[in-house]
$ cat work.txt   # compact mmCIF, N, CA, C and O atoms
# COMPACT_ATOMS: atom_id res chain seq x y z
N LEU J 8 18.48 -0.29 0.16
CA LEU J 8 17.45 -0.21 -0.87
C LEU J 8 18.03 -0.74 -2.17
O LEU J 8 19.01 -0.22 -2.67
N ASP J 9 17.44 -1.81 -2.69
CA ASP J 9 17.92 -2.44 -3.91
C ASP J 9 17.09 -1.95 -5.10
O ASP J 9 16.00 -2.45 -5.37
N VAL J 10 17.62 -0.98 -5.80
CA VAL J 10 16.90 -0.36 -6.92
C VAL J 10 16.62 -1.39 -8.02
O VAL J 10 15.58 -1.33 -8.67
N LYS J 11 17.50 -2.35 -8.22
CA LYS J 11 17.29 -3.37 -9.25
C LYS J 11 16.02 -4.19 -8.95
O LYS J 11 15.30 -4.57 -9.86
N GLN J 12 15.78 -4.47 -7.69
CA GLN J 12 14.57 -5.20 -7.31
C GLN J 12 13.32 -4.36 -7.57
O GLN J 12 12.29 -4.87 -7.98
N ILE J 13 13.42 -3.07 -7.32
CA ILE J 13 12.29 -2.17 -7.57
C ILE J 13 11.94 -2.17 -9.05
O ILE J 13 10.75 -2.19 -9.42
N GLU J 14 12.92 -2.18 -9.90
CA GLU J 14 12.66 -2.18 -11.34
C GLU J 14 11.83 -3.38 -11.77
O GLU J 14 11.05 -3.29 -12.71
N LYS J 15 11.96 -4.50 -11.06
CA LYS J 15 11.21 -5.71 -11.41
C LYS J 15 9.71 -5.57 -11.16
O LYS J 15 8.92 -6.31 -11.74
N ILE J 16 9.31 -4.67 -10.28
CA ILE J 16 7.88 -4.54 -9.95
C ILE J 16 7.24 -3.30 -10.57
O ILE J 16 6.08 -3.02 -10.34
N ARG J 17 7.97 -2.59 -11.39
CA ARG J 17 7.44 -1.36 -11.99
C ARG J 17 6.25 -1.61 -12.91
O ARG J 17 5.51 -0.69 -13.21
N THR J 18 6.04 -2.83 -13.36
CA THR J 18 4.91 -3.13 -14.24
C THR J 18 3.67 -3.51 -13.44
O THR J 18 2.62 -3.75 -14.01
N ALA J 19 3.79 -3.58 -12.13
CA ALA J 19 2.67 -3.97 -11.26
C ALA J 19 2.05 -2.74 -10.60
O ALA J 19 2.66 -1.67 -10.53
N ARG J 20 0.85 -2.91 -10.12
CA ARG J 20 0.24 -1.89 -9.26
C ARG J 20 0.81 -2.09 -7.86
O ARG J 20 0.86 -3.21 -7.36
N VAL J 21 1.24 -1.00 -7.24
CA VAL J 21 1.91 -1.11 -5.94
C VAL J 21 1.26 -0.19 -4.93
O VAL J 21 1.14 1.01 -5.15
N LEU J 22 0.85 -0.77 -3.81
CA LEU J 22 0.38 0.00 -2.65
C LEU J 22 1.49 -0.07 -1.63
O LEU J 22 1.83 -1.15 -1.14
N ASN J 23 2.07 1.06 -1.31
CA ASN J 23 3.20 1.16 -0.39
C ASN J 23 2.67 1.72 0.92
O ASN J 23 2.32 2.91 0.99
N ILE J 24 2.59 0.89 1.95
CA ILE J 24 2.05 1.32 3.26
C ILE J 24 3.20 1.34 4.26
O ILE J 24 3.96 0.38 4.37
N TRP J 25 3.31 2.44 4.97
CA TRP J 25 4.39 2.61 5.94
C TRP J 25 3.85 3.21 7.22
O TRP J 25 2.99 4.10 7.20
N GLY J 26 4.30 2.70 8.35
CA GLY J 26 3.97 3.27 9.65
C GLY J 26 5.01 4.30 10.04
O GLY J 26 6.21 4.02 9.97
N ASP J 27 4.57 5.47 10.47
CA ASP J 27 5.53 6.54 10.74
C ASP J 27 6.39 6.30 11.98
O ASP J 27 7.31 7.07 12.26
N GLN J 28 6.13 5.21 12.70
CA GLN J 28 6.98 4.83 13.83
C GLN J 28 7.81 3.58 13.51
O GLN J 28 8.34 2.93 14.40
N ASP J 29 7.91 3.24 12.24
CA ASP J 29 8.65 2.06 11.78
C ASP J 29 10.13 2.22 12.10
O ASP J 29 10.76 3.19 11.67
N GLU J 30 10.68 1.28 12.87
CA GLU J 30 12.10 1.32 13.22
C GLU J 30 12.93 0.42 12.32
O GLU J 30 14.15 0.40 12.42
N VAL J 31 12.27 -0.33 11.42
CA VAL J 31 12.98 -1.23 10.51
C VAL J 31 13.29 -0.52 9.19
O VAL J 31 14.39 -0.62 8.66
N MET J 32 12.30 0.19 8.66
CA MET J 32 12.45 0.91 7.40
C MET J 32 12.45 2.41 7.70
O MET J 32 11.41 2.99 8.01
N PRO J 33 13.62 3.04 7.66
CA PRO J 33 13.69 4.47 7.96
C PRO J 33 12.87 5.31 6.98
O PRO J 33 12.68 4.93 5.83
N GLU J 34 12.41 6.45 7.45
CA GLU J 34 11.57 7.32 6.63
C GLU J 34 12.23 7.71 5.32
O GLU J 34 11.60 7.69 4.26
N GLU J 35 13.50 8.06 5.36
CA GLU J 35 14.16 8.48 4.12
C GLU J 35 14.20 7.35 3.09
O GLU J 35 14.08 7.58 1.89
N GLU J 36 14.31 6.08 3.56
CA GLU J 36 14.33 4.96 2.63
C GLU J 36 12.96 4.70 2.02
O GLU J 36 12.86 4.36 0.84
N ILE J 37 11.90 4.84 2.80
CA ILE J 37 10.57 4.59 2.25
C ILE J 37 10.22 5.64 1.21
O ILE J 37 9.60 5.35 0.19
N HIS J 38 10.64 6.88 1.44
CA HIS J 38 10.39 7.92 0.44
C HIS J 38 11.24 7.69 -0.81
O HIS J 38 10.76 7.91 -1.93
N LEU J 39 12.46 7.22 -0.63
CA LEU J 39 13.31 6.89 -1.77
C LEU J 39 12.71 5.73 -2.56
O LEU J 39 12.65 5.76 -3.78
N PHE J 40 12.23 4.72 -1.85
CA PHE J 40 11.56 3.57 -2.48
C PHE J 40 10.37 4.05 -3.30
O PHE J 40 10.22 3.69 -4.47
N ASN J 41 9.55 4.89 -2.70
CA ASN J 41 8.37 5.39 -3.40
C ASN J 41 8.77 6.24 -4.62
O ASN J 41 8.14 6.18 -5.67
N GLN J 42 9.83 7.01 -4.48
CA GLN J 42 10.31 7.83 -5.59
C GLN J 42 10.74 6.95 -6.77
O GLN J 42 10.46 7.25 -7.92
N HIS J 43 11.40 5.84 -6.47
CA HIS J 43 11.83 4.92 -7.53
C HIS J 43 10.64 4.21 -8.18
O HIS J 43 10.75 3.74 -9.31
N LEU J 44 9.52 4.13 -7.49
CA LEU J 44 8.34 3.50 -8.05
C LEU J 44 7.58 4.42 -9.00
O LEU J 44 6.72 3.97 -9.76
N GLN J 45 7.87 5.71 -8.95
CA GLN J 45 7.18 6.64 -9.84
C GLN J 45 7.37 6.18 -11.28
O GLN J 45 8.45 5.78 -11.67
N GLY J 46 6.28 6.23 -12.02
CA GLY J 46 6.32 5.73 -13.39
C GLY J 46 5.90 4.28 -13.48
O GLY J 46 5.79 3.73 -14.56
N ALA J 47 5.68 3.64 -12.34
CA ALA J 47 5.17 2.27 -12.35
C ALA J 47 3.75 2.29 -12.88
O ALA J 47 3.14 3.36 -13.04
N LYS J 48 3.21 1.13 -13.13
CA LYS J 48 1.86 1.03 -13.68
C LYS J 48 0.89 1.88 -12.85
O LYS J 48 0.14 2.67 -13.39
N GLU J 49 0.91 1.71 -11.57
CA GLU J 49 0.12 2.54 -10.67
C GLU J 49 0.69 2.34 -9.27
O GLU J 49 0.96 1.22 -8.85
N THR J 50 0.90 3.42 -8.58
CA THR J 50 1.47 3.34 -7.24
C THR J 50 0.81 4.35 -6.33
O THR J 50 0.39 5.42 -6.77
N GLN J 51 0.70 3.98 -5.07
CA GLN J 51 0.18 4.88 -4.05
C GLN J 51 0.93 4.62 -2.76
O GLN J 51 1.22 3.47 -2.42
N MET J 52 1.24 5.68 -2.05
CA MET J 52 1.90 5.55 -0.75
C MET J 52 0.94 6.02 0.32
O MET J 52 0.34 7.09 0.20
N VAL J 53 0.79 5.21 1.35
CA VAL J 53 -0.06 5.55 2.50
C VAL J 53 0.82 5.51 3.74
O VAL J 53 1.54 4.53 3.96
N ILE J 54 0.77 6.56 4.54
CA ILE J 54 1.50 6.60 5.80
C ILE J 54 0.48 6.51 6.92
O ILE J 54 -0.45 7.31 6.99
N ILE J 55 0.65 5.51 7.79
CA ILE J 55 -0.26 5.33 8.91
C ILE J 55 0.40 5.91 10.16
O ILE J 55 1.46 5.42 10.59
N PRO J 56 -0.21 6.96 10.73
CA PRO J 56 0.36 7.60 11.91
C PRO J 56 0.41 6.66 13.12
O PRO J 56 -0.48 5.82 13.31
N ASP J 57 1.46 6.79 13.90
CA ASP J 57 1.64 6.04 15.15
C ASP J 57 1.71 4.53 14.95
O ASP J 57 1.45 3.77 15.88
N ALA J 58 2.06 4.07 13.74
CA ALA J 58 2.17 2.64 13.46
C ALA J 58 3.63 2.26 13.31
O ALA J 58 4.42 2.99 12.71
N GLY J 59 3.96 1.09 13.84
CA GLY J 59 5.30 0.56 13.67
C GLY J 59 5.38 -0.33 12.43
O GLY J 59 4.48 -0.34 11.59
N HIS J 60 6.44 -1.11 12.34
CA HIS J 60 6.69 -1.92 11.16
C HIS J 60 5.60 -2.98 10.93
O HIS J 60 5.27 -3.27 9.79
N CYS J 61 5.06 -3.54 11.99
CA CYS J 61 4.04 -4.60 11.86
C CYS J 61 2.62 -4.10 12.08
O CYS J 61 1.69 -4.90 12.10
N PHE J 62 2.44 -2.81 12.27
CA PHE J 62 1.12 -2.17 12.40
C PHE J 62 0.31 -2.71 13.59
O PHE J 62 -0.92 -2.68 13.56
N VAL J 63 1.00 -3.19 14.63
CA VAL J 63 0.31 -3.69 15.82
C VAL J 63 -0.49 -2.56 16.45
O VAL J 63 0.02 -1.46 16.67
N GLY J 64 -1.76 -2.82 16.70
CA GLY J 64 -2.66 -1.82 17.24
C GLY J 64 -3.23 -0.88 16.19
O GLY J 64 -4.05 -0.03 16.50
N LYS J 65 -2.80 -1.02 14.97
CA LYS J 65 -3.27 -0.18 13.87
C LYS J 65 -3.83 -1.04 12.72
O LYS J 65 -3.85 -0.62 11.57
N GLU J 66 -4.32 -2.22 13.09
CA GLU J 66 -4.82 -3.15 12.09
C GLU J 66 -6.00 -2.59 11.30
O GLU J 66 -6.10 -2.77 10.08
N LYS J 67 -6.89 -1.88 11.98
CA LYS J 67 -8.06 -1.30 11.29
C LYS J 67 -7.62 -0.27 10.26
O LYS J 67 -8.17 -0.22 9.16
N GLU J 68 -6.64 0.54 10.61
CA GLU J 68 -6.14 1.54 9.67
C GLU J 68 -5.45 0.87 8.48
O GLU J 68 -5.60 1.32 7.34
N LEU J 69 -4.73 -0.21 8.75
CA LEU J 69 -4.06 -0.96 7.70
C LEU J 69 -5.09 -1.56 6.74
O LEU J 69 -4.98 -1.41 5.51
N ILE J 70 -6.12 -2.20 7.28
CA ILE J 70 -7.17 -2.80 6.45
C ILE J 70 -7.91 -1.72 5.66
O ILE J 70 -8.20 -1.90 4.48
N ALA J 71 -8.18 -0.58 6.29
CA ALA J 71 -8.87 0.51 5.58
C ALA J 71 -8.04 1.00 4.39
O ALA J 71 -8.59 1.26 3.32
N ALA J 72 -6.74 1.10 4.56
CA ALA J 72 -5.87 1.53 3.46
C ALA J 72 -5.89 0.52 2.32
O ALA J 72 -5.98 0.89 1.15
N ILE J 73 -5.84 -0.76 2.67
CA ILE J 73 -5.87 -1.81 1.65
C ILE J 73 -7.22 -1.83 0.95
O ILE J 73 -7.29 -1.92 -0.29
N GLN J 74 -8.31 -1.75 1.72
CA GLN J 74 -9.65 -1.74 1.12
C GLN J 74 -9.82 -0.56 0.17
O GLN J 74 -10.36 -0.71 -0.93
N SER J 75 -9.38 0.60 0.58
CA SER J 75 -9.50 1.78 -0.26
C SER J 75 -8.77 1.60 -1.57
O SER J 75 -9.27 1.95 -2.65
N TRP J 76 -7.59 1.01 -1.52
CA TRP J 76 -6.79 0.74 -2.72
C TRP J 76 -7.54 -0.24 -3.64
O TRP J 76 -7.63 -0.03 -4.84
N ILE J 77 -8.07 -1.29 -3.06
CA ILE J 77 -8.78 -2.30 -3.86
C ILE J 77 -10.06 -1.74 -4.44
O ILE J 77 -10.38 -1.97 -5.61
N TRP J 78 -10.82 -0.96 -3.65
CA TRP J 78 -12.07 -0.38 -4.14
C TRP J 78 -11.84 0.47 -5.37
O TRP J 78 -12.69 0.56 -6.24
N HIS J 79 -10.70 1.12 -5.41
CA HIS J 79 -10.35 1.94 -6.57
C HIS J 79 -10.47 1.15 -7.88
O HIS J 79 -10.90 1.67 -8.89
N PHE J 80 -10.13 -0.12 -7.83
CA PHE J 80 -10.17 -0.96 -9.03
C PHE J 80 -11.55 -1.55 -9.31
O PHE J 80 -11.77 -2.13 -10.36
N PHE J 81 -12.47 -1.42 -8.36
CA PHE J 81 -13.83 -1.90 -8.54
C PHE J 81 -14.78 -0.78 -8.95
O PHE J 81 -15.98 -0.97 -9.00
N ASP J 82 -14.26 0.39 -9.24
CA ASP J 82 -15.08 1.53 -9.62
C ASP J 82 -16.01 1.14 -10.77
O ASP J 82 -15.58 0.70 -11.82
N GLY J 83 -17.31 1.27 -10.53
CA GLY J 83 -18.30 0.91 -11.54
C GLY J 83 -18.72 -0.54 -11.48
O GLY J 83 -19.55 -0.99 -12.27
N CYS J 84 -18.17 -1.30 -10.57
CA CYS J 84 -18.51 -2.73 -10.45
C CYS J 84 -18.89 -3.04 -9.01
O CYS J 84 -18.32 -3.91 -8.37
N GLU J 85 -19.85 -2.31 -8.48
CA GLU J 85 -20.20 -2.44 -7.07
C GLU J 85 -20.61 -3.85 -6.66
O GLU J 85 -20.32 -4.30 -5.57
N GLU J 86 -21.28 -4.59 -7.56
CA GLU J 86 -21.70 -5.94 -7.18
C GLU J 86 -20.49 -6.84 -6.95
O GLU J 86 -20.48 -7.65 -6.03
N ASN J 87 -19.44 -6.70 -7.73
CA ASN J 87 -18.22 -7.48 -7.50
C ASN J 87 -17.51 -7.02 -6.24
O ASN J 87 -16.95 -7.83 -5.51
N ARG J 88 -17.53 -5.73 -5.99
CA ARG J 88 -16.90 -5.19 -4.78
C ARG J 88 -17.55 -5.77 -3.54
O ARG J 88 -16.87 -6.18 -2.60
N ASP J 89 -18.86 -5.86 -3.52
CA ASP J 89 -19.57 -6.40 -2.36
C ASP J 89 -19.20 -7.86 -2.11
O ASP J 89 -19.02 -8.27 -0.97
N ASP J 90 -19.06 -8.64 -3.18
CA ASP J 90 -18.62 -10.04 -3.02
C ASP J 90 -17.22 -10.11 -2.43
O ASP J 90 -16.94 -10.91 -1.56
N TYR J 91 -16.36 -9.24 -2.89
CA TYR J 91 -14.99 -9.20 -2.39
C TYR J 91 -14.95 -8.86 -0.90
O TYR J 91 -14.21 -9.45 -0.13
N LEU J 92 -15.77 -7.90 -0.50
CA LEU J 92 -15.75 -7.43 0.89
C LEU J 92 -16.15 -8.50 1.89
O LEU J 92 -15.81 -8.41 3.06
N ASP J 93 -16.85 -9.53 1.44
CA ASP J 93 -17.23 -10.61 2.34
C ASP J 93 -16.04 -11.24 3.03
O ASP J 93 -16.14 -11.73 4.15
N ILE J 94 -14.87 -11.25 2.40
CA ILE J 94 -13.70 -11.87 3.03
C ILE J 94 -13.19 -11.06 4.21
O ILE J 94 -12.45 -11.57 5.05
N PHE J 95 -13.59 -9.79 4.33
CA PHE J 95 -13.16 -8.96 5.44
C PHE J 95 -14.12 -9.00 6.63
O PHE J 95 -13.88 -8.38 7.65
N GLN J 96 -15.22 -9.70 6.47
CA GLN J 96 -16.22 -9.75 7.55
C GLN J 96 -15.83 -10.74 8.62
O GLN J 96 -15.19 -11.67 8.46
$ encode --input "work.txt" --output "structure tokens"
Amino acid sequence: LDVKQIEKIRTARVLNIWGDQDEVMPEEEIHLFNQHLQGAKETQMVIIPDAGHCFVGKEKELIAAIQSWIWHFFDGCEENRDDYLDIFQ
């Protein structure tokens, strides 16, 4: 875990998605990563059950997590949100 790299993204909004069966990124590291992101512009961590590193077989759950994150920023702008959602159809 490179803390210096994390510092570079602290000014961005970060959605941190992790599959609880990920064999590449251990659970303790993902929680440490998320802890270092605290205080960033905006951060959210989503854990997808039974998903590995590439979310194979869990694509719908992955897309739902991303959509939910993006919808958060469209609050009050439903017409723009609907235009955006067309790319997921």
$ select_by_dssp --input "work.txt" --residues "segment 8-95 of chain J" --states "helix (DSSP H, G or I)" --output "ChimeraX atom specification"
/J:10-15,34-44,66-80,85-95
$ atom_distance --input "work.txt" --atom1 "atom N of Gln74 of chain J" --atom2 "atom C of His38 of chain J"
21.9 Å
$ closest_residue --input "work.txt" --among "J:Ile16, J:Ile73, J:Glu35, J:Gly26" --to "His60 of chain J" --atoms "only C-alpha atoms"
J:Gly26
$ atom_distance --input "work.txt" --atom1 "atom O of Asp27 of chain J" --atom2 "atom O of Met52 of chain J"
13.9 Å
$ axis_aligned_box --input "work.txt" --around "segment 16-22 of chain J" --padding-each-side "8 Å" --output "lines of an AutoDock Vina configuration file"
center_x = 4.8
center_y = -1.8
center_z = -7.7
size_x = 25.1
size_y = 21.7
size_z = 29.1
$ closest_residue --input "work.txt" --among "J:Ala58, J:Val31, J:Ile70, J:Leu44" --to "Glu14 of chain J" --atoms "all atoms listed in the file"
J:Leu44
$ select_by_dssp --input "work.txt" --residues "segment 9-96 of chain J" --states "strand (DSSP E)" --output "list of chain:residue names"
J:Arg20, J:Val21, J:Leu22, J:Asn23, J:Ile24, J:Trp25, J:Gly26, J:Glu49, J:Thr50, J:Gln51, J:Met52, J:Val53, J:Ile54, J:Ile55
$ atom_distance --input "work.txt" --atom1 "atom N of Glu49 of chain J" --atom2 "atom CA of Ile13 of chain J"
12.7 Å
$ closest_residue --input "work.txt" --among "J:Val63, J:Ser75, J:Asp57, J:Lys48" --to "Arg20 of chain J" --atoms "all atoms listed in the file"
J:Lys48
$ closest_residue --input "work.txt" --among "J:Gln51, J:Gln42, J:Glu66, J:Lys11" --to "Ile24 of chain J" --atoms "only N, CA, C and O atoms"
J:Gln51
$ residues_near_point --input "work.txt" --point "(-0.2, 3.9, 5.6)" --cutoff "4.5 Å" --atoms "only N, CA, C and O atoms" --output "list in words"
Ile24, Trp25, Val53, Ile54 and Ile55 of chain J
$ closest_residue --input "work.txt" --among "J:Phe81, J:Lys65, J:Thr50, J:His43" --to "Val21 of chain J" --atoms "only C-alpha atoms"
J:Thr50
